[in-house]
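A.B. asks: Data file entry05.txt (compact mmCIF, C-alpha atoms) is appended below.
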```
# COMPACT_ATOMS: atom_id res chain seq x y z
CA MET A 1 -25.19 -1.92 1.35
CA THR A 2 -24.51 0.46 4.19
CA ALA A 3 -22.03 3.31 4.34
CA THR A 4 -19.76 1.17 6.51
CA GLU A 5 -19.87 -1.66 3.98
CA THR A 6 -18.68 0.66 1.23
CA ASN A 7 -15.84 1.77 3.50
CA VAL A 8 -16.77 5.43 3.24
CA GLU A 9 -18.42 5.99 6.60
CA PRO A 10 -18.91 9.77 6.90
CA GLN A 11 -16.41 11.50 9.14
CA ARG A 12 -17.42 15.13 8.72
CA GLU A 13 -17.73 15.64 12.48
CA ARG A 14 -14.35 14.12 13.18
CA ALA A 15 -11.17 16.13 13.25
CA LYS A 16 -9.19 13.14 12.01
CA ILE A 17 -9.76 12.35 8.34
CA PRO A 18 -8.14 9.61 6.24
CA PHE A 19 -5.33 10.48 3.86
CA SER A 20 -5.01 8.57 0.60
CA VAL A 21 -2.68 8.52 -2.42
CA LEU A 22 -3.38 9.23 -6.09
CA ASP A 23 -0.71 7.83 -8.39
CA LEU A 24 -0.29 8.37 -12.13
CA ALA A 25 2.54 5.82 -12.45
CA PRO A 26 4.79 8.59 -13.79
CA ILE A 27 7.28 7.72 -16.51
CA THR A 28 10.28 9.96 -16.01
CA LEU A 29 12.51 11.25 -18.78
CA ASP A 30 15.23 8.75 -17.99
CA SER A 31 12.97 5.76 -17.38
CA THR A 32 10.48 3.22 -18.79
CA PRO A 33 6.94 2.04 -18.03
CA THR A 34 8.45 -1.03 -16.36
CA GLN A 35 10.30 1.14 -13.87
CA ALA A 36 7.20 3.30 -13.39
CA PHE A 37 5.18 0.23 -12.37
CA HIS A 38 7.90 -0.91 -9.98
CA ASN A 39 8.00 2.57 -8.45
CA SER A 40 4.21 2.62 -8.07
CA LEU A 41 4.23 -0.69 -6.23
CA ASP A 42 7.09 0.49 -4.02
CA LEU A 43 5.18 3.68 -3.22
CA ALA A 44 2.01 1.67 -2.46
CA ARG A 45 3.91 -0.59 -0.06
CA HIS A 46 5.34 2.43 1.73
CA ALA A 47 1.94 4.12 1.75
CA GLU A 48 0.45 1.02 3.35
CA ALA A 49 3.15 0.99 6.02
CA TRP A 50 2.63 4.71 6.66
CA GLY A 51 -1.11 4.27 7.22
CA TYR A 52 -2.59 5.75 4.04
CA HIS A 53 -6.17 4.61 3.47
CA ARG A 54 -6.35 4.15 -0.32
CA PHE A 55 -4.02 3.97 -3.29
CA TRP A 56 -5.71 4.97 -6.53
CA LEU A 57 -4.46 4.90 -10.11
CA ALA A 58 -5.80 7.00 -12.98
CA GLU A 59 -6.70 6.09 -16.56
CA HIS A 60 -4.95 8.19 -19.20
CA HIS A 61 -4.15 7.33 -22.80
CA ASN A 62 -1.52 8.43 -25.32
CA MET A 63 0.40 10.13 -22.51
CA PRO A 64 4.15 9.44 -22.69
CA GLY A 65 4.52 10.42 -19.03
CA ILE A 66 1.76 8.22 -17.55
CA ALA A 67 1.93 4.41 -17.46
CA SER A 68 -1.48 3.56 -15.96
CA ALA A 69 -3.50 3.33 -19.21
CA ALA A 70 -4.56 -0.27 -18.51
CA THR A 71 -5.79 0.80 -15.11
CA SER A 72 -7.42 -2.43 -13.92
CA VAL A 73 -4.26 -4.38 -14.78
CA VAL A 74 -2.07 -2.02 -12.75
CA ILE A 75 -4.56 -2.13 -9.85
CA GLY A 76 -4.20 -5.91 -9.81
CA TYR A 77 -0.41 -5.61 -9.76
CA VAL A 78 -0.48 -3.16 -6.85
CA ALA A 79 -3.16 -5.02 -4.90
CA GLY A 80 -1.23 -8.26 -5.34
CA GLY A 81 1.91 -6.65 -3.94
CA THR A 82 0.23 -5.13 -0.86
CA SER A 83 -1.88 -6.55 1.94
CA THR A 84 -4.28 -4.10 3.57
CA ILE A 85 -4.44 -0.76 1.75
CA ARG A 86 -7.49 -0.23 -0.47
CA VAL A 87 -6.55 -0.07 -4.16
CA GLY A 88 -8.70 1.40 -6.86
CA ALA A 89 -9.30 3.54 -9.91
CA GLY A 90 -9.22 7.29 -9.67
CA GLY A 91 -10.57 6.70 -12.09
CA VAL A 92 -11.80 4.58 -14.93
CA MET A 93 -13.10 6.78 -17.75
CA LEU A 94 -16.38 4.95 -18.25
CA PRO A 95 -17.25 6.37 -21.73
CA ASN A 96 -14.19 4.51 -23.04
CA HIS A 97 -15.58 1.14 -21.97
CA SER A 98 -18.61 -1.11 -21.91
CA PRO A 99 -20.11 -1.13 -18.39
CA LEU A 100 -20.20 -4.93 -18.56
CA VAL A 101 -16.45 -5.14 -19.23
CA ILE A 102 -15.69 -2.84 -16.28
CA ALA A 103 -18.03 -4.87 -14.06
CA GLU A 104 -16.19 -8.05 -15.04
CA GLN A 105 -12.75 -6.49 -14.54
CA PHE A 106 -13.54 -5.07 -11.11
CA GLY A 107 -15.56 -8.11 -10.16
CA THR A 108 -12.40 -10.10 -10.87
CA LEU A 109 -10.29 -7.72 -8.78
CA GLU A 110 -12.77 -7.84 -5.89
CA SER A 111 -12.83 -11.64 -6.09
CA LEU A 112 -9.03 -11.77 -5.91
CA TYR A 113 -8.61 -9.05 -3.27
CA PRO A 114 -11.92 -9.00 -1.35
CA GLY A 115 -12.78 -5.86 0.57
CA ARG A 116 -9.91 -3.82 -0.88
CA ILE A 117 -11.08 -2.62 -4.31
CA ASP A 118 -12.60 0.79 -5.18
CA LEU A 119 -14.02 1.90 -8.52
CA GLY A 120 -13.97 5.63 -9.24
CA LEU A 121 -15.71 6.65 -12.46
CA GLY A 122 -15.06 9.64 -14.69
CA ARG A 123 -16.90 10.89 -17.77
CA ALA A 124 -13.96 12.53 -19.58
CA PRO A 125 -11.97 10.52 -22.14
CA GLY A 126 -8.68 10.85 -20.28
CA THR A 127 -6.98 11.78 -23.54
CA ASP A 128 -7.33 13.82 -26.72
CA GLN A 129 -10.21 13.41 -29.18
CA ILE A 130 -8.20 11.50 -31.79
CA THR A 131 -7.13 8.95 -29.20
CA ALA A 132 -10.65 8.80 -27.79
CA ARG A 133 -11.87 7.80 -31.25
CA ALA A 134 -9.19 5.10 -31.45
CA LEU A 135 -10.30 3.80 -28.05
CA ARG A 136 -14.04 3.80 -28.70
CA ARG A 137 -14.27 3.38 -32.49
CA ASP A 138 -17.86 4.64 -32.29
CA MET A 139 -18.08 8.11 -30.70
CA ALA A 140 -21.88 7.99 -30.36
CA GLY A 141 -23.04 8.43 -26.79
CA GLY A 142 -19.87 8.73 -24.75
CA ALA A 143 -20.16 11.34 -22.05
CA ASP A 144 -23.82 11.93 -22.98
CA THR A 145 -24.76 8.42 -21.82
CA PHE A 146 -22.62 8.53 -18.69
CA PRO A 147 -25.55 8.54 -16.20
CA GLN A 148 -27.15 5.54 -17.92
CA ASP A 149 -23.80 3.73 -18.02
CA VAL A 150 -23.31 4.29 -14.28
CA LEU A 151 -26.75 2.83 -13.55
CA GLU A 152 -26.04 -0.14 -15.82
CA LEU A 153 -22.73 -0.74 -14.05
CA GLN A 154 -24.42 -0.55 -10.63
CA ASN A 155 -26.94 -3.13 -11.78
CA TYR A 156 -24.22 -5.60 -12.77
CA PHE A 157 -22.86 -5.54 -9.21
CA ARG A 158 -26.27 -6.31 -7.67
CA SER A 159 -27.48 -9.85 -7.09
CA ALA A 160 -28.75 -11.12 -10.42
CA ASP A 161 -32.45 -11.34 -11.09
CA PRO A 162 -33.48 -14.87 -12.21
CA ALA A 163 -34.78 -13.41 -15.47
CA GLN A 164 -31.63 -11.34 -16.10
CA GLN A 165 -30.07 -12.41 -19.40
CA VAL A 166 -26.73 -10.58 -19.15
CA ARG A 167 -24.68 -10.96 -15.98
CA ALA A 168 -21.21 -9.92 -14.87
CA VAL A 169 -19.33 -13.06 -13.88
CA PRO A 170 -17.48 -12.35 -11.69
CA GLY A 171 -19.19 -9.17 -10.54
CA GLN A 172 -22.78 -9.90 -9.65
CA GLY A 173 -23.53 -9.65 -5.95
CA LEU A 174 -20.12 -8.21 -5.10
CA ASN A 175 -19.55 -5.14 -2.97
CA VAL A 176 -17.40 -2.94 -5.21
CA PRO A 177 -17.78 0.65 -3.95
CA LEU A 178 -18.52 3.09 -6.77
CA TRP A 179 -17.36 6.72 -6.65
CA LEU A 180 -18.06 9.50 -9.08
CA LEU A 181 -15.13 11.73 -9.99
CA GLY A 182 -15.31 15.18 -11.44
CA SER A 183 -13.65 18.48 -12.22
CA SER A 184 -16.89 20.35 -12.98
CA LEU A 185 -20.47 20.41 -11.73
CA PHE A 186 -21.99 17.54 -13.71
CA SER A 187 -20.65 14.62 -11.69
CA ALA A 188 -21.23 16.46 -8.41
CA GLN A 189 -24.94 16.67 -9.20
CA LEU A 190 -25.10 13.09 -10.47
CA ALA A 191 -23.29 11.77 -7.37
CA ALA A 192 -25.77 13.67 -5.18
CA MET A 193 -28.74 12.28 -7.09
CA LEU A 194 -27.47 8.69 -6.92
CA GLY A 195 -26.26 8.93 -3.32
CA LEU A 196 -22.66 8.04 -4.18
CA PRO A 197 -19.37 9.30 -2.71
CA PHE A 198 -17.77 12.07 -4.73
CA ALA A 199 -14.12 12.87 -5.45
CA PHE A 200 -13.24 16.26 -6.93
CA ALA A 201 -10.08 16.84 -8.99
CA SER A 202 -9.07 19.98 -7.11
CA HIS A 203 -5.40 19.12 -7.62
CA PHE A 204 -5.58 20.23 -11.26
CA ALA A 205 -9.00 21.87 -11.78
CA PRO A 206 -9.94 23.93 -8.72
CA GLU A 207 -12.10 26.50 -10.51
CA HIS A 208 -15.46 24.87 -9.79
CA MET A 209 -14.51 23.13 -6.54
CA ASN A 210 -16.51 25.23 -4.08
CA LEU A 211 -19.69 25.25 -6.15
CA ALA A 212 -19.39 21.52 -6.87
CA LEU A 213 -19.07 20.81 -3.15
CA GLU A 214 -22.06 22.99 -2.35
CA LEU A 215 -24.21 21.31 -5.00
CA TYR A 216 -23.20 17.82 -3.93
CA ARG A 217 -23.74 18.43 -0.23
CA THR A 218 -27.03 20.31 -0.50
CA ARG A 219 -28.62 18.03 -3.11
CA PHE A 220 -27.41 14.71 -1.73
CA GLN A 221 -30.06 12.00 -1.60
CA PRO A 222 -29.39 9.07 0.77
CA SER A 223 -29.11 5.69 -0.93
CA GLU A 224 -28.58 2.06 -0.06
CA THR A 225 -24.89 2.82 -0.53
CA LEU A 226 -24.45 5.98 1.50
CA GLN A 227 -26.59 7.82 4.02
CA ARG A 228 -24.69 11.12 4.08
CA PRO A 229 -22.52 12.97 1.54
CA TYR A 230 -18.89 11.93 1.46
CA VAL A 231 -16.30 14.08 -0.30
CA MET A 232 -12.69 13.36 -1.12
CA LEU A 233 -10.51 16.19 -2.47
CA GLY A 234 -7.21 16.06 -4.32
CA LEU A 235 -4.22 18.07 -3.13
CA ASN A 236 -0.75 18.35 -4.68
CA VAL A 237 1.83 18.05 -1.92
CA PHE A 238 5.54 18.54 -2.51
CA ALA A 239 7.25 18.21 0.86
CA ALA A 240 11.00 18.24 1.48
CA GLU A 241 13.44 19.22 4.19
CA THR A 242 13.59 22.81 2.94
CA ASP A 243 11.28 25.15 1.08
CA ALA A 244 13.85 25.56 -1.68
CA GLU A 245 14.10 21.82 -2.29
CA ALA A 246 10.32 21.39 -2.34
CA LYS A 247 9.95 24.22 -4.86
CA ARG A 248 12.66 22.63 -7.00
CA LEU A 249 10.80 19.30 -7.00
CA PHE A 250 7.58 21.08 -7.96
CA THR A 251 9.11 22.36 -11.19
CA SER A 252 8.79 18.89 -12.75
CA LEU A 253 5.01 19.06 -12.53
CA GLN A 254 4.97 22.66 -13.71
CA GLN A 255 7.03 21.76 -16.79
CA GLN A 256 4.85 18.75 -17.54
CA PHE A 257 1.70 20.84 -17.26
CA VAL A 258 3.01 23.54 -19.59
CA ASN A 259 4.18 20.96 -22.13
CA LEU A 260 0.74 19.32 -22.06
CA ARG A 261 -1.00 22.64 -22.66
CA ARG A 262 1.36 23.32 -25.55
CA GLY A 263 0.22 20.06 -27.11
CA ARG A 264 3.54 18.34 -26.44
CA PRO A 265 2.92 15.82 -23.65
CA GLY A 266 6.02 13.95 -22.63
CA PRO A 267 7.75 12.07 -19.84
CA LEU A 268 8.02 13.73 -16.43
CA PRO A 269 11.06 16.00 -16.75
CA PRO A 270 13.78 16.45 -14.13
CA PRO A 271 13.40 19.47 -11.84
CA LEU A 272 14.97 22.82 -12.59
CA GLU A 273 16.59 25.23 -10.18
CA ASN A 274 14.21 27.87 -11.52
CA LEU A 275 11.73 28.27 -14.35
CA GLU A 276 12.94 31.63 -15.58
CA GLY A 277 12.39 31.84 -19.32
CA PHE A 278 10.61 28.48 -19.52
CA MET A 279 7.09 29.83 -19.88
CA THR A 280 5.28 32.99 -20.81
CA PRO A 281 3.51 35.15 -18.20
CA HIS A 282 0.19 33.91 -19.61
CA GLU A 283 1.26 30.29 -19.22
CA GLN A 284 2.52 30.96 -15.72
CA ALA A 285 -0.81 32.50 -14.68
CA GLY A 286 -2.67 29.51 -16.10
CA ILE A 287 -0.49 27.01 -14.28
CA GLU A 288 -0.74 28.90 -11.00
CA HIS A 289 -4.51 28.80 -11.30
CA ALA A 290 -4.69 25.11 -12.26
CA LEU A 291 -2.31 24.05 -9.45
CA ALA A 292 -3.67 26.41 -6.81
CA CYS A 293 -4.60 23.51 -4.55
CA SER A 294 -1.02 22.65 -3.64
CA ALA A 295 1.08 22.58 -0.49
CA ILE A 296 4.78 23.04 -1.26
CA GLY A 297 7.63 23.46 1.19
CA SER A 298 9.26 22.26 4.37
CA PRO A 299 7.25 20.11 6.81
CA GLU A 300 6.12 23.19 8.72
CA ILE A 301 4.89 24.98 5.58
CA VAL A 302 3.16 21.88 4.25
CA ARG A 303 1.52 21.20 7.60
CA GLN A 304 -0.04 24.66 7.62
CA GLY A 305 -1.06 24.31 3.99
CA ILE A 306 -2.87 21.05 4.72
CA ILE A 307 -4.55 22.56 7.79
CA ASP A 308 -5.75 25.56 5.79
CA PHE A 309 -7.03 23.42 2.92
CA ILE A 310 -8.97 21.11 5.22
CA ALA A 311 -10.38 24.06 7.19
CA SER A 312 -11.63 25.83 4.06
CA THR A 313 -13.09 22.82 2.23
CA LYS A 314 -14.00 20.37 5.04
CA PRO A 315 -13.39 17.16 3.09
CA ASP A 316 -14.22 13.75 4.54
CA GLU A 317 -10.99 12.43 3.05
CA LEU A 318 -7.86 13.91 1.49
CA MET A 319 -6.17 12.39 -1.55
CA VAL A 320 -2.56 13.46 -1.89
CA THR A 321 -0.70 13.36 -5.19
CA ALA A 322 2.81 14.34 -6.24
CA GLN A 323 4.48 14.10 -9.65
CA ILE A 324 8.07 14.02 -8.37
CA PHE A 325 10.89 13.03 -10.70
CA GLU A 326 13.18 11.39 -8.14
CA HIS A 327 11.58 8.30 -6.60
CA GLU A 328 13.33 8.62 -3.25
CA ALA A 329 12.27 12.27 -3.01
CA ARG A 330 8.72 11.20 -3.83
CA LEU A 331 8.75 8.62 -1.06
CA ARG A 332 10.11 11.19 1.36
CA SER A 333 7.34 13.66 0.49
CA PHE A 334 4.62 11.11 1.25
CA GLN A 335 6.42 10.10 4.43
CA ILE A 336 6.42 13.72 5.61
CA VAL A 337 2.70 14.00 4.85
CA ALA A 338 1.98 10.84 6.84
CA ALA A 339 3.85 12.31 9.81
CA ILE A 340 1.84 15.52 9.48
CA ARG A 341 -1.40 13.51 9.38
CA ASP A 342 -0.40 11.70 12.56
CA SER A 343 0.49 14.93 14.31
CA LEU A 344 -2.88 16.44 13.39
CA ALA A 345 -4.69 13.32 14.59
CA SER A 346 -2.98 13.49 17.98
CA SER A 347 -3.36 17.23 18.48
```
Would you mind writing the file's structure down as C-alpha cells?
C.D. replies:
Amino acid sequence: MTATETNVEPQRERAKIPFSVLDLAPITLDSTPTQAFHNSLDLARHAEAWGYHRFWLAEHHNMPGIASAATSVVIGYVAGGTSTIRVGAGGVMLPNHSPLVIAEQFGTLESLYPGRIDLGLGRAPGTDQITARALRRDMAGGADTFPQDVLELQNYFRSADPAQQVRAVPGQGLNVPLWLLGSSLFSAQLAAMLGLPFAFASHFAPEHMNLALELYRTRFQPSETLQRPYVMLGLNVFAAETDAEAKRLFTSLQQQFVNLRRGRPGPLPPPLENLEGFMTPHEQAGIEHALACSAIGSPEIVRQGIIDFIASTKPDELMVTAQIFEHEARLRSFQIVAAIRDSLASS
C-alpha cells in the first residue's frame, strides 16, 4: 500500500490541511442514546456537506454521557447514512478485543463502504478498571501485548498466505488504514517504528504532546503504508456568534470533566452562565491544563486560535471535537469552523 492508498498522503508542506470531526455521540441530560445516535448521524451529514475529511467515533464503556461503546456498529450506522466522508474509529481500544474480531468487523465495514473506513487503535481500556475486567474477563496481557496485537491485526488485513490457518473473512486483502492513537509517548514511538499515521489526544491530554510529536517525527521509519510521518491532532473548538455564548457552551464540557474526575461520570449537562462555586481552585487548574488545546469564542477569536495551534504544532490534519449540549449550537460551531478552514485555504 502507498500513502495515497491509505488516504493519508503527507501534506506538511502545504498550507491547507484537512479538518476532521471527532464525535463521542454525547448523551445529554435530557436525552437518550437513541437521540444521541440520531444527532451523530445528523452532524456527520452536515460535516460531509461542509467538506470535513473524516468523521471518527470513540470507544468508551460505562460512561452515561457517551453512546459510542459499540463503536463499529455506530460507524456502520453513520457510514450508511452518508456518502463520501471517511468514517472510522478514534478509536477502538484494542486490548478490549481479539484482533481477529476487530479485523472481521472492520473488514465487514470496508466491504460495505469501500474506501471510506478508518481504524484508529488505542491501548487504554476506555473505561475504569472494574469495567475493563467485565469487558475482557481475563486481564492478562492487555496493554502489555498491544504491539503484538497491532501486528496480528495488520496481518489479518494482508492477502492470506496459502498455509495460513486463521483468516479474517471479510478482512483479508482489504485496505483498511490503521492509525495509532495516543495521549502519551508509547504509541508515538510504536507508530514511528511501524510507519503508521499517528493521532494525538491533545484535546484532553496535552501534557506530552510536543515530546510525542518530536519522537514520532524523528524516529519515523517508512513502511509499505506510509513514506513520511503523518500527524493528526485533536482540538476542542467551541465557536458561536459571541465570545460570551461560546464560553457558556464550553461549561458543559468543563462540568462533565470535573464530574468524571470526581468519579461521578454522567450525561452531558446543560451549560451554565458561569461556573462560580462549581469547582475548587485545584479542580479548575486541572481542567484548564487538560483542556488547554481549545479554541473558544466568536469566529474571529476561534480563527486566530486555530491559526496559532496549527503554527505551533504543524499537524498534517486537524481533528475538531466539541461536547456541546444543544445540538443546533453544536452544528453551528462546526459550520463556523468549516468557514474558517475555507478562509484559511483561500488566503
A.B. asks: Report, as lines of an AutoDock Vina configuration file, the centre and edge lengths in Å (one decimal) of the axis-aligned box enclosing every listed atom of stretch 60-69 of chain A, padded by 6 Å on each side.
C.D. replies:
```
center_x = -0.2
center_y = 6.9
center_z = -20.6
size_x = 21.5
size_y = 19.1
size_z = 21.4
```
A.B. asks: Tell me which protein, DNA and RNA residues are within 8 Å of A:Leu22, counting all atoms listed in the file, leaving out same-chain ones fewer than 6 positions away, and put them as a PyMOL selection string.
C.D. replies: chain A and resi 55-58+90+319-321
A.B. asks: Rounded to one decimal place, report the atom CA of A:Leu344-atom CA of A:Leu318 distance in Å.
C.D. replies: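 Spanning atom CA of A:Leu344 to atom CA of A:Leu318 is a straight-line distance of 13.1 Å.
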A.B. asks: Could you work out how far atom CA of A:Met232 lies from atom CA of A:Glu288, giving the answer in Å with one decimal?
C.D. replies: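 That distance, rounded to one decimal, is 22.0 Å.
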A.B. asks: For A:Asp243, which residue out of A:Asn210, A:Ser223, A:Ser298, A:Asn175 is the nearest one, using only C-alpha atoms?
C.D. replies: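 Of A:Asn210, A:Ser223, A:Ser298, A:Asn175, the one nearest A:Asp243 is A:Ser298, counting only C-alpha atoms.
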A.B. asks: So which one's closest to A:Arg228, A:Gly305, A:Asn259, A:Asp316, A:Ile310? Using only C-alpha atoms, please.
C.D. replies: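 Once distances to A:Arg228 are computed over only C-alpha atoms, the minimum belongs to A:Asp316.
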A.B. asks: So, with all atoms listed in the file as the atoms that count, which of A:Ala285, A:Ala290, A:Met63, A:Ala246 lies closest to A:Glu273?
C.D. replies: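 Of all the options, A:Ala246 lies closest to A:Glu273.
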A.B. asks: Here is a test: counting only C-alpha atoms, which residue of A:Thr82, A:Pro26, A:Leu100, A:Ser202 is nearest to A:Ser68?
C.D. replies: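 Among the listed residues, the smallest separation from A:Ser68 belongs to A:Pro26.
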A.B. asks: My list of candidates is A:Leu211, A:Ile287, A:Ala103, A:Ile85. Which is closest to A:Gly173 when distances are computed with only C-alpha atoms?
C.D. replies: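 Counting only C-alpha atoms, the residue closest to A:Gly173 is A:Ala103.
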A.B. asks: Taking (-10.8, -3.3, -2.9) as a centre in this file's frame and 10 Å as the limit, can you find every polymer residue with an atom that close, using all atoms listed in the file, and give them as a list in words?
C.D. replies: Thr6, Asn7, Arg54, Phe55, Ile75, Gly76, Ala79, Thr84, Ile85, Arg86, Val87, Gly88, Ala89, Phe106, Gly107, Leu109, Glu110, Ser111, Leu112, Tyr113, Pro114, Gly115, Arg116, Ile117, Asp118, Leu119, Asn175, Val176 and Pro177 of chain A
A.B. asks: From the set A:Gln129, A:Ser294, A:Gln254, A:Gln148, which residue has the shortest atom-to-atom contact distance to A:Leu94, counting only C-alpha atoms?
C.D. replies: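 Of the candidates, the smallest distance to A:Leu94 is held by A:Gln148.
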A.B. asks: Do you have the atom CA of A:Phe220-atom CA of A:Met193 distance handy?
C.D. replies: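 Going from atom CA of A:Phe220 over to atom CA of A:Met193, I get 6.0 Å.
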A.B. asks: Show me a table, sorted first by chain and then by increasing residue number, of the residues of stretch 37-130 of chain A having an atom at most 10 Å from stretch 337-342 of chain A, each with its shortest atom pair and the distance in Å to one decimal, counting only C-alpha atoms and written as a Markdown table.
C.D. replies:
```
| residue | atom | partner | partner_atom | distance |
| --- | --- | --- | --- | --- |
| A:Ala47 | CA | A:Ala338 | CA | 8.4 |
| A:Ala49 | CA | A:Ala338 | CA | 10.0 |
| A:Trp50 | CA | A:Ala338 | CA | 6.2 |
| A:Gly51 | CA | A:Ala338 | CA | 7.3 |
| A:Tyr52 | CA | A:Ala338 | CA | 7.4 |
```
